[in-house]
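Undergrad: Input structure: target.pdb, which contains PDB, C-alpha atoms, pLDDT in the B column.
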```pdb
MODEL        1
ATOM      1  CA  MET A  57      13.223   1.388  18.179  1.00 43.00           C
ATOM      2  CA  LEU A  58      12.970   0.495  14.483  1.00 47.00           C
ATOM      3  CA  LEU A  59      14.998  -2.640  15.145  1.00 45.00           C
ATOM      4  CA  VAL A  60      12.786  -3.714  18.049  1.00 41.00           C
ATOM      5  CA  VAL A  61       9.584  -3.255  16.041  1.00 43.00           C
ATOM      6  CA  GLY A  62      10.992  -5.000  12.974  1.00 47.00           C
ATOM      7  CA  VAL A  63      12.389  -7.969  14.838  1.00 45.00           C
ATOM      8  CA  ALA A  64       9.300  -8.359  17.038  1.00 44.00           C
ATOM      9  CA  PHE A  65       7.007  -8.277  14.012  1.00 45.00           C
ATOM     10  CA  ALA A  66       9.152 -10.761  12.091  1.00 43.00           C
ATOM     11  CA  LEU A  67       9.306 -13.166  15.016  1.00 43.00           C
ATOM     12  CA  ASN A  68       5.579 -13.018  15.682  1.00 44.00           C
ATOM     13  CA  ALA A  69       4.346 -13.307  12.100  1.00 42.00           C
ATOM     14  CA  ASN A  70       2.206 -16.383  11.621  1.00 41.00           C
ATOM     15  CA  ALA A  71       1.609 -15.869   7.910  1.00 39.00           C
ATOM     16  CA  ALA A  72       5.061 -16.796   6.613  1.00 37.00           C
ATOM     17  CA  GLY A  73       5.381 -15.950   2.960  1.00 38.00           C
ATOM     18  CA  LYS A  74       2.354 -13.658   3.010  1.00 63.00           C
ATOM     19  CA  TRP A  75       3.784 -10.667   4.826  1.00 75.00           C
ATOM     20  CA  VAL A  76       6.638  -8.783   3.195  1.00 80.00           C
ATOM     21  CA  MET A  77       9.184  -6.512   4.866  1.00 82.00           C
ATOM     22  CA  GLN A  78      10.126  -3.625   2.579  1.00 82.00           C
ATOM     23  CA  VAL A  79      13.213  -1.404   2.814  1.00 86.00           C
ATOM     24  CA  TRP A  80      12.854   2.181   1.512  1.00 83.00           C
ATOM     25  CA  ASP A  81      15.558   4.752   0.759  1.00 84.00           C
ATOM     26  CA  ARG A  82      15.366   8.519   1.295  1.00 84.00           C
ATOM     27  CA  THR A  83      14.258   9.115  -2.303  1.00 81.00           C
ATOM     28  CA  GLY A  84      11.082   7.117  -1.635  1.00 77.00           C
ATOM     29  CA  GLN A  85      12.194   4.128  -3.692  1.00 79.00           C
ATOM     30  CA  MET A  86      11.816   0.587  -2.366  1.00 76.00           C
ATOM     31  CA  CYS A  87      15.312  -0.893  -2.421  1.00 82.00           C
ATOM     32  CA  GLY A  88      14.638  -4.291  -0.840  1.00 82.00           C
ATOM     33  CA  SER A  89      11.760  -6.682  -0.200  1.00 81.00           C
ATOM     34  CA  TYR A  90      11.827  -9.820   1.955  1.00 82.00           C
ATOM     35  CA  GLU A  91       9.029 -12.319   2.554  1.00 81.00           C
ATOM     36  CA  LEU A  92       8.767 -13.059   6.264  1.00 80.00           C
ATOM     37  CA  GLY A  93       8.889 -16.741   5.343  1.00 79.00           C
ATOM     38  CA  MET A  94      12.547 -16.043   4.455  1.00 81.00           C
ATOM     39  CA  LYS A  95      13.024 -15.095   8.125  1.00 85.00           C
ATOM     40  CA  PRO A  96      14.704 -11.722   7.566  1.00 87.00           C
ATOM     41  CA  ASN A  97      16.947 -10.733  10.455  1.00 89.00           C
ATOM     42  CA  VAL A  98      17.711  -7.016  10.782  1.00 90.00           C
ATOM     43  CA  THR A  99      20.802  -5.814  12.644  1.00 91.00           C
ATOM     44  CA  PHE A 100      22.639  -2.502  12.727  1.00 90.00           C
ATOM     45  CA  THR A 101      26.269  -1.394  12.720  1.00 90.00           C
ATOM     46  CA  ASP A 102      27.435   2.185  13.192  1.00 88.00           C
ATOM     47  CA  ASN A 103      26.623   3.118   9.598  1.00 90.00           C
ATOM     48  CA  GLN A 104      24.687   0.223   8.043  1.00 91.00           C
ATOM     49  CA  MET A 105      21.517  -1.789   8.365  1.00 90.00           C
ATOM     50  CA  VAL A 106      22.218  -5.445   7.635  1.00 91.00           C
ATOM     51  CA  VAL A 107      19.498  -7.869   6.503  1.00 90.00           C
ATOM     52  CA  THR A 108      20.183 -11.596   6.508  1.00 90.00           C
ATOM     53  CA  THR A 109      17.718 -14.314   5.541  1.00 87.00           C
ATOM     54  CA  ASP A 110      17.700 -18.092   5.656  1.00 86.00           C
ATOM     55  CA  VAL A 111      17.561 -18.363   1.846  1.00 79.00           C
ATOM     56  CA  ALA A 112      19.668 -15.487   0.453  1.00 70.00           C
ATOM     57  CA  ASP A 113      22.903 -13.562   0.836  1.00 74.00           C
ATOM     58  CA  VAL A 114      23.501 -10.725   3.269  1.00 84.00           C
ATOM     59  CA  PHE A 115      22.201  -7.306   2.187  1.00 87.00           C
ATOM     60  CA  TYR A 116      23.726  -4.002   3.370  1.00 88.00           C
ATOM     61  CA  TYR A 117      21.979  -0.621   3.416  1.00 89.00           C
ATOM     62  CA  GLY A 118      23.753   2.607   4.350  1.00 89.00           C
ATOM     63  CA  LEU A 119      21.961   4.248   7.280  1.00 90.00           C
ATOM     64  CA  PRO A 120      22.325   7.800   5.898  1.00 89.00           C
ATOM     65  CA  ASP A 121      20.404   6.657   2.804  1.00 87.00           C
ATOM     66  CA  MET A 122      17.648   4.804   4.692  1.00 86.00           C
ATOM     67  CA  TRP A 123      14.118   6.137   5.165  1.00 85.00           C
ATOM     68  CA  LYS A 124      11.932   3.410   6.613  1.00 85.00           C
ATOM     69  CA  LEU A 125      10.975  -0.249   6.951  1.00 84.00           C
ATOM     70  CA  THR A 126       7.385  -1.219   6.192  1.00 81.00           C
ATOM     71  CA  TYR A 127       5.381  -4.420   6.318  1.00 77.00           C
ATOM     72  CA  LYS A 128       2.810  -5.243   3.660  1.00 74.00           C
ATOM     73  CA  TRP A 129       0.270  -8.026   3.257  1.00 66.00           C
ATOM     74  CA  ASN A 130       0.875  -9.719  -0.088  1.00 66.00           C
ATOM     75  CA  ASP A 131      -1.553 -12.560  -0.736  1.00 57.00           C
ATOM     76  CA  GLY A 132      -1.928 -12.329  -4.512  1.00 55.00           C
ATOM     77  CA  THR A 133      -5.403 -10.767  -4.377  1.00 51.00           C
ATOM     78  CA  GLY A 134      -4.351  -7.391  -5.777  1.00 49.00           C
ATOM     79  CA  LEU A 135      -4.913  -5.680  -2.424  1.00 50.00           C
ATOM     80  CA  ASN A 136      -1.476  -4.164  -2.377  1.00 52.00           C
ATOM     81  CA  ASN A 137      -2.200  -0.567  -3.413  1.00 53.00           C
ATOM     82  CA  ILE A 138      -4.643   0.993  -0.998  1.00 55.00           C
ATOM     83  CA  THR A 139      -6.144   4.215  -2.314  1.00 56.00           C
ATOM     84  CA  ALA A 140      -7.289   7.267  -0.391  1.00 55.00           C
ATOM     85  CA  ASP A 141      -9.551   8.400  -3.267  1.00 59.00           C
ATOM     86  CA  ASN A 142     -13.050   8.155  -1.792  1.00 61.00           C
ATOM     87  CA  THR A 143     -14.862   9.636  -4.789  1.00 67.00           C
ATOM     88  CA  LEU A 144     -15.593   6.161  -6.163  1.00 77.00           C
ATOM     89  CA  MET A 145     -16.809   4.641  -2.890  1.00 84.00           C
ATOM     90  CA  LYS A 146     -18.518   5.860   0.281  1.00 87.00           C
ATOM     91  CA  TYR A 147     -18.677   3.965   3.570  1.00 86.00           C
ATOM     92  CA  ASP A 148     -21.170   4.993   6.242  1.00 84.00           C
ATOM     93  CA  GLY A 149     -20.380   2.312   8.833  1.00 83.00           C
ATOM     94  CA  SER A 150     -23.078  -0.136   7.746  1.00 87.00           C
ATOM     95  CA  ALA A 151     -22.821  -0.274   3.938  1.00 90.00           C
ATOM     96  CA  ILE A 152     -20.493   0.569   1.095  1.00 91.00           C
ATOM     97  CA  VAL A 153     -21.976   2.704  -1.666  1.00 91.00           C
ATOM     98  CA  PHE A 154     -20.608   3.106  -5.172  1.00 90.00           C
ATOM     99  CA  PRO A 155     -22.245   6.101  -6.906  1.00 89.00           C
ATOM    100  CA  ALA A 156     -21.342   4.896 -10.403  1.00 89.00           C
ATOM    101  CA  LEU A 157     -20.074   1.422 -11.222  1.00 90.00           C
ATOM    102  CA  GLU A 158     -19.600   0.158 -14.754  1.00 89.00           C
ATOM    103  CA  ALA A 159     -21.281  -3.050 -15.917  1.00 90.00           C
ATOM    104  CA  GLY A 160     -19.054  -6.029 -15.119  1.00 89.00           C
ATOM    105  CA  SER A 161     -17.346  -4.337 -12.165  1.00 89.00           C
ATOM    106  CA  ASN A 162     -16.103  -6.793  -9.564  1.00 89.00           C
ATOM    107  CA  VAL A 163     -16.509  -5.775  -5.890  1.00 90.00           C
ATOM    108  CA  SER A 164     -14.635  -7.942  -3.375  1.00 88.00           C
ATOM    109  CA  VAL A 165     -14.345  -7.532   0.392  1.00 90.00           C
ATOM    110  CA  TYR A 166     -11.491  -9.175   2.293  1.00 86.00           C
ATOM    111  CA  ALA A 167     -11.037  -9.595   6.052  1.00 85.00           C
ATOM    112  CA  ALA A 168      -7.774  -8.442   7.629  1.00 80.00           C
ATOM    113  CA  ASN A 169      -6.450 -12.009   7.468  1.00 78.00           C
ATOM    114  CA  GLY A 170      -6.886 -12.020   3.663  1.00 78.00           C
ATOM    115  CA  SER A 171      -9.968 -14.236   3.481  1.00 83.00           C
ATOM    116  CA  LEU A 172     -12.632 -13.285   0.941  1.00 87.00           C
ATOM    117  CA  VAL A 173     -15.895 -12.420   2.736  1.00 91.00           C
ATOM    118  CA  MET A 174     -17.917 -10.980  -0.164  1.00 91.00           C
ATOM    119  CA  ASN A 175     -17.644 -10.983  -3.945  1.00 89.00           C
ATOM    120  CA  LYS A 176     -20.204  -9.365  -6.285  1.00 91.00           C
ATOM    121  CA  ILE A 177     -20.121  -8.741 -10.023  1.00 89.00           C
ATOM    122  CA  VAL A 178     -22.260  -5.843 -11.203  1.00 90.00           C
ATOM    123  CA  GLY A 179     -24.572  -6.683 -14.103  1.00 89.00           C
ATOM    124  CA  THR A 180     -25.511  -3.199 -15.261  1.00 91.00           C
ATOM    125  CA  ALA A 181     -23.961   0.233 -14.819  1.00 91.00           C
ATOM    126  CA  GLY A 182     -25.288   2.428 -12.015  1.00 91.00           C
ATOM    127  CA  GLU A 183     -25.277   3.138  -8.293  1.00 92.00           C
ATOM    128  CA  TYR A 184     -24.837   0.173  -5.962  1.00 92.00           C
ATOM    129  CA  CYS A 185     -25.109  -0.284  -2.210  1.00 92.00           C
ATOM    130  CA  PHE A 186     -23.708  -3.353  -0.445  1.00 91.00           C
ATOM    131  CA  PRO A 187     -24.845  -3.814   3.184  1.00 92.00           C
ATOM    132  CA  LEU A 188     -22.173  -5.124   5.553  1.00 90.00           C
ATOM    133  CA  SER A 189     -24.490  -6.059   8.436  1.00 89.00           C
ATOM    134  CA  SER A 190     -23.411  -9.714   8.280  1.00 90.00           C
ATOM    135  CA  LEU A 191     -19.764  -8.836   8.933  1.00 90.00           C
ATOM    136  CA  SER A 192     -18.312  -8.660  12.433  1.00 91.00           C
ATOM    137  CA  GLN A 193     -16.393  -5.650  13.724  1.00 90.00           C
ATOM    138  CA  GLY A 194     -12.929  -5.263  12.255  1.00 87.00           C
ATOM    139  CA  VAL A 195     -10.766  -3.998   9.429  1.00 85.00           C
ATOM    140  CA  TYR A 196     -11.661  -4.928   5.860  1.00 88.00           C
ATOM    141  CA  MET A 197     -10.223  -4.235   2.421  1.00 85.00           C
ATOM    142  CA  VAL A 198     -12.659  -3.464  -0.401  1.00 88.00           C
ATOM    143  CA  ASN A 199     -11.328  -4.045  -3.909  1.00 85.00           C
ATOM    144  CA  VAL A 200     -13.204  -2.759  -6.943  1.00 86.00           C
ATOM    145  CA  ASN A 201     -11.730  -2.767 -10.434  1.00 79.00           C
ATOM    146  CA  GLY A 202      -8.145  -2.782  -9.144  1.00 73.00           C
ATOM    147  CA  LYS A 203      -8.565  -0.054  -6.511  1.00 79.00           C
ATOM    148  CA  THR A 204      -8.425  -1.035  -2.866  1.00 80.00           C
ATOM    149  CA  TYR A 205     -10.034   0.785   0.054  1.00 83.00           C
ATOM    150  CA  LYS A 206      -9.553   0.153   3.760  1.00 83.00           C
ATOM    151  CA  ILE A 207     -12.673   0.319   5.936  1.00 87.00           C
ATOM    152  CA  VAL A 208     -13.249  -0.239   9.645  1.00 86.00           C
ATOM    153  CA  LYS A 209     -16.538  -1.744  10.760  1.00 88.00           C
ATOM    154  CA  LYS A 210     -17.377  -0.766  14.334  1.00 85.00           C
TER
ENDMDL
END
```
Once you've parsed the file, please lay out its structure as structure tokens.
TA:
Amino acid sequence: MLLVVGVAFALNANAAGKWVMQVWDRTGQMCGSYELGMKPNVTFTDNQMVVTTDVADVFYYGLPDMWKLTYKWNDGTGLNNITADNTLMKYDGSAIVFPALEAGSNVSVYAANGSLVMNKIVGTAGEYCFPLSSLSQGVYMVNVNGKTYKIVKK
């Protein structure tokens, strides 16, 4: 099943070089990372997962040591570490609210495809509310001062 999902995702990715396939071991450490633009091909033997690419050598991972394969959007915007800490931001479905932002805070909202849809820099410290009524339904990433939040607008 893992092979089918991985290969299907790799074959259907239109954003070559922007999506990354990551290999994780049982200790929770990432032990390999491959841009989909490198066309990673994942195959399995009885005791190994084998990753080949069009630009690098063959990589072998022992199946007993493997935990998971993940895919991550990596577009250079700093949206790579999504936080679950909602004490800094609240989302009610129509607006994002920050109870206490510092002066100079940068609030950016990105669509699921990585395009920037809103960017605001806060002038003075305080509570801020940013309406999202102009955005269509979908998944968005909100980045503020290096922390990224995932929201779904319905």
Undergrad: From the list A:Val114, A:Ile152, A:Cys185, A:Met174, which residue is nearest A:Tyr205 when using only C-alpha atoms?
TA: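 Of all the options, A:Ile152 lies closest to A:Tyr205.
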Undergrad: A:Tyr127: which residues within 8 Å, counting all atoms listed in the file, same-chain residues fewer than 2 positions away excluded, as a PDB file with C-alpha atoms, in the frame of the given file?
TA:
```pdb
ATOM      1  CA  TRP A  75       3.784 -10.667   4.826  1.00 75.00           C
ATOM      2  CA  VAL A  76       6.638  -8.783   3.195  1.00 80.00           C
ATOM      3  CA  MET A  77       9.184  -6.512   4.866  1.00 82.00           C
ATOM      4  CA  GLN A  78      10.126  -3.625   2.579  1.00 82.00           C
ATOM      5  CA  LEU A 125      10.975  -0.249   6.951  1.00 84.00           C
ATOM      6  CA  TRP A 129       0.270  -8.026   3.257  1.00 66.00           C
TER       7      TRP A 129
END
```
Undergrad: Quick one: everything within 9 Å of A:Asn175, counting only C-alpha atoms, minus sequence neighbours fewer than 2 positions away in the same chain. Send it as a ChimeraX atom specification.
TA: /A:162-166,172-173,177
Undergrad: What separation in Å, quoted to one decimal, exists between atom CA of A:Glu91 and atom CA of A:Val107?
TA: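 The value is 12.0 Å.
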Undergrad: If we count all atoms listed in the file, what is near A:Pro155 at a cut-off of 8 Å, once residues fewer than 6 positions away on the same chain are taken out, given as an MDAnalysis selection string?
TA: chainID A and resid 144:145 182:184
Undergrad: Between atom CA of A:Ser150 and atom CA of A:Leu188, what is the spacing in Å?
TA: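 So the two atoms, atom CA of A:Leu188 and atom CA of A:Ser150, lie 5.5 Å apart.
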Undergrad: Taking all atoms of stretch 78-92 of chain A that the file lists, what box with edges along x, y and z, padded by 5 Å per side, do you get, with centre and edge lengths in Å to one decimal, as AutoDock Vina command-line options?
TA:
```
--center_x 12.2 --center_y -2.0 --center_z 1.3 --size_x 16.8 --size_y 32.2 --size_z 20.0
```
Undergrad: Could you work out how far atom CA of A:Thr180 lies from atom CA of A:Glu158, giving the answer in Å with one decimal?
TA: 6.8 Å
Undergrad: Excluding same-chain residues fewer than 5 positions from A:Ser161, what lies within 9 Å of it counting all atoms listed in the file, as JSON, numbers by chain?
TA: {"A": [176, 177, 178, 179, 180, 181, 200, 201]}
Undergrad: I need the residue nearest A:Gly84 from this list: A:Met122, A:Ala112, A:Asn103, A:Gly149. Use only C-alpha atoms for the distance.
TA: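 Of A:Met122, A:Ala112, A:Asn103, A:Gly149, the one nearest A:Gly84 is A:Met122, counting only C-alpha atoms.
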Undergrad: Take the PyMOL selection byres ((chain A and resi 123) around 7), apply it to the structure above, and return the hits as a compact mmCIF listing (two decimals) with C-alpha atoms, in the coordinates of the input.
TA:
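Listing of selection28.txt after writing:
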```
# COMPACT_ATOMS: atom_id res chain seq x y z
CA TRP A 80 12.85 2.18 1.51
CA ASP A 81 15.56 4.75 0.76
CA ARG A 82 15.37 8.52 1.30
CA ASP A 121 20.40 6.66 2.80
CA MET A 122 17.65 4.80 4.69
CA LYS A 124 11.93 3.41 6.61
```
Undergrad: Exactly which residues make up the result of the PyMOL selection byres ((chain A and resi 116) around 8) on this file, given as number ranges by chain?
TA: A: 104-107, 114-115, 117-118
Undergrad: Between A:Val111, A:Ala156, A:Leu92, A:Ala167, which is the closest to A:Ile207 once you count only C-alpha atoms?
TA: A:Ala167
Undergrad: Compare A:Pro187, A:Pro120, A:Pro96, A:Gly170 by their minimum atom-to-atom distance to A:Val153, counting all atoms listed in the file, and give me the closest one.
TA: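 For A:Val153, the nearest of the candidates is A:Pro187.
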Undergrad: Considering all atoms listed in the file, can you say which of A:Val98, A:Thr108, A:Lys210, A:Ala168 comes closest to A:Tyr147?
TA: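 That would be A:Lys210, the residue with the smallest distance to A:Tyr147.
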